[in-house]
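K.L.:
One structure is given below, represented as structure tokens, and several questions about it will come after.
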Amino acid sequence: MDRLDLRILDQLQHDASLTNQALAERVGLSPSACLKRVRRLKEQGVIQREVAILTPEALGANLHMVVEVTMTRDDKALYGRFIKQMEAAPEVTQCYQVTGEVDFVLIVSVPDMQCYDRFCDRVLDASDGVHKFRTLISRKRTKFETRLPLGD
């Protein structure tokens, strides 16, 4: 991956709706050369997908929870089942297997506390491998960024 690829990726992280013509102009390439590079980056899996980022407040009340999960034991199969459960739960927007005192950190987004309680009952309390979990309720989201740092 060269500097032009990185410039393309930086522009697309900022605005994936750019036309190929506009993208080519911004990175200093011909439209055909730019399109070839974008296609290659997609084929290589560098560009995973293009999405719309929604404003939660525009959709009504929305709570963001950080949930620390401790499993009953260190077990690869148990962790695998838990990960599949988290992938299937629409409330879980991010799931990280971590080191330290807890095993997983989840980011959970729900409209209200009643929905969070139902999520806990349906997913966390129902999982045989969860020993305990701790919920941190976000009072205010001060930074949310989807861009990855690409260096200089």
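FYI, nothing fancy with the structure tokens labels: chains A, B, ... in order, residues from 1 per chain, ligands from 1 as they appear.
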Which parts of chain A does DSSP call strand (DSSP E or B) when run on the backbone here, written out as a PyMOL selection string?
P.N.:
chain A and resi 63-71+92-97+104-110+130-137
K.L.:
Among range 16-121 of chain A, which residues carry a DSSP assignment of helix (DSSP H, G or I), reported as a VMD selection string?
P.N.:
chain A and resid 20 to 27 31 to 43 56 to 59 76 to 88 113 to 121
K.L.:
Just want the 10 Å neighbourhood of Ala52 in chain A, counted on only C-alpha atoms, with same-chain residues fewer than 6 positions away dropped. Output as a PyMOL selection string.
P.N.:
chain A and resi 15-17
K.L.:
Limited to C-alpha atoms, could you put the picked residues into a file as an mmCIF file, in the first residue's frame?
P.N.:
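Saved to result33.cif:
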```
data_model
loop_
_atom_site.group_PDB
_atom_site.id
_atom_site.type_symbol
_atom_site.label_atom_id
_atom_site.label_comp_id
_atom_site.auth_asym_id
_atom_site.auth_seq_id
_atom_site.Cartn_x
_atom_site.Cartn_y
_atom_site.Cartn_z
ATOM 1 C CA ASP A 15 -16.916 10.798 2.945
ATOM 2 C CA ALA A 16 -17.592 7.464 1.254
ATOM 3 C CA SER A 17 -20.271 9.050 -0.933
#
```
K.L.:
Report as a ChimeraX atom specification all protein, DNA and RNA residues lying within 12 Å of range 56-63 of chain A, evaluated on only C-alpha atoms, omitting residues in the same chain fewer than 3 positions from it.
P.N.:
/A:53,66,91-92,107-116,135-141,144
K.L.:
Just the number, please: distance in Å from CA of Phe133 in chain A to CA of Lys76 in chain A, one decimal.
P.N.:
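Separation of CA of Phe133 in chain A and CA of Lys76 in chain A: 18.9 Å.
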K.L.:
When you count only C-alpha atoms, which of these residues is closest to Pro149 in chain A: A:Leu9, A:Glu50, A:Glu25, A:Ala126?
P.N.:
A:Leu9
K.L.:
CA of Val51 in chain A to CA of Ser30 in chain A: how many Å, to one decimal?
P.N.:
25.3 Å
K.L.:
For the atom pair CA of Gly100 in chain A and CA of Thr72 in chain A, what is the interatomic distance in Å to one decimal place?
P.N.:
14.6 Å
K.L.:
Which residues come within 8 Å of Leu35 in chain A, counting only C-alpha atoms, excluding same-chain residues fewer than 4 positions away, as a VMD selection string?
P.N.:
chain A and resid 20 31 39
K.L.:
The selected residues should be written to file as a PDB file, in the first residue's frame (atoms: N, CA and C atoms).
P.N.:
```pdb
ATOM      1  N   ASN A  20     -16.330   8.981  -7.925  1.00  0.00           N
ATOM      2  CA  ASN A  20     -14.975   8.625  -8.312  1.00  0.00           C
ATOM      3  C   ASN A  20     -14.251   9.838  -8.883  1.00  0.00           C
ATOM      4  N   PRO A  31      -9.395   9.615 -13.107  1.00  0.00           N
ATOM      5  CA  PRO A  31     -10.532   8.821 -12.617  1.00  0.00           C
ATOM      6  C   PRO A  31     -10.348   7.312 -12.810  1.00  0.00           C
ATOM      7  N   ARG A  39     -11.117  -0.303  -6.398  1.00  0.00           N
ATOM      8  CA  ARG A  39     -11.557  -1.692  -6.608  1.00  0.00           C
ATOM      9  C   ARG A  39     -10.565  -2.678  -5.986  1.00  0.00           C
TER      10      ARG A  39
END
```
K.L.:
Restricting the calculation to only C-alpha atoms, which member of A:Arg81, A:Gly28, A:Gln13, A:Cys120 is positioned closest to Arg49 in chain A?
P.N.:
A:Gln13
K.L.:
Need to verify the contact set: Arg37 in chain A, 12 Å, only C-alpha atoms, exclusion of same-chain residues closer than 2 positions in sequence. Can you return it as JSON, numbers by chain?
P.N.:
{"A": [1, 2, 3, 4, 5, 6, 7, 8, 9, 20, 23, 24, 27, 29, 30, 31, 32, 33, 34, 35, 39, 40, 41, 42, 43, 44, 46, 47]}
K.L.:
Keeping C-alpha atoms for every residue in the selection just given, could you write it to a file as a PDB file, in the first residue's frame?
P.N.:
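Generated output (part.pdb):
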```pdb
ATOM      1  CA  MET A   1       0.000   0.000   0.000  1.00  0.00           C
ATOM      2  CA  ASP A   2       1.474   3.343  -1.023  1.00  0.00           C
ATOM      3  CA  ARG A   3       0.808   7.006  -0.184  1.00  0.00           C
ATOM      4  CA  LEU A   4      -1.869   7.317  -2.882  1.00  0.00           C
ATOM      5  CA  ASP A   5      -3.769   4.356  -1.433  1.00  0.00           C
ATOM      6  CA  LEU A   6      -3.571   5.972   1.996  1.00  0.00           C
ATOM      7  CA  ARG A   7      -4.831   9.296   0.603  1.00  0.00           C
ATOM      8  CA  ILE A   8      -7.743   7.498  -1.071  1.00  0.00           C
ATOM      9  CA  LEU A   9      -8.583   5.683   2.170  1.00  0.00           C
ATOM     10  CA  ASN A  20     -14.975   8.625  -8.312  1.00  0.00           C
ATOM     11  CA  LEU A  23     -12.137  11.391  -5.234  1.00  0.00           C
ATOM     12  CA  ALA A  24      -9.669  11.315  -8.134  1.00  0.00           C
ATOM     13  CA  VAL A  27      -5.964  12.642  -4.459  1.00  0.00           C
ATOM     14  CA  LEU A  29      -5.160  10.787  -9.942  1.00  0.00           C
ATOM     15  CA  SER A  30      -7.022  10.204 -13.167  1.00  0.00           C
ATOM     16  CA  PRO A  31     -10.532   8.821 -12.617  1.00  0.00           C
ATOM     17  CA  SER A  32      -9.630   5.456 -14.179  1.00  0.00           C
ATOM     18  CA  ALA A  33      -6.485   5.038 -12.054  1.00  0.00           C
ATOM     19  CA  CYS A  34      -8.434   6.020  -8.944  1.00  0.00           C
ATOM     20  CA  LEU A  35     -11.229   3.550  -9.701  1.00  0.00           C
ATOM     21  CA  ARG A  39     -11.557  -1.692  -6.608  1.00  0.00           C
ATOM     22  CA  ARG A  40      -8.256  -3.309  -5.583  1.00  0.00           C
ATOM     23  CA  LEU A  41      -8.622  -2.024  -2.012  1.00  0.00           C
ATOM     24  CA  LYS A  42     -12.126  -3.530  -1.877  1.00  0.00           C
ATOM     25  CA  GLU A  43     -10.983  -6.849  -3.351  1.00  0.00           C
ATOM     26  CA  GLN A  44      -8.131  -7.026  -0.816  1.00  0.00           C
ATOM     27  CA  VAL A  46      -8.970  -3.153   3.072  1.00  0.00           C
ATOM     28  CA  ILE A  47     -12.313  -1.440   2.424  1.00  0.00           C
TER      29      ILE A  47
END
```
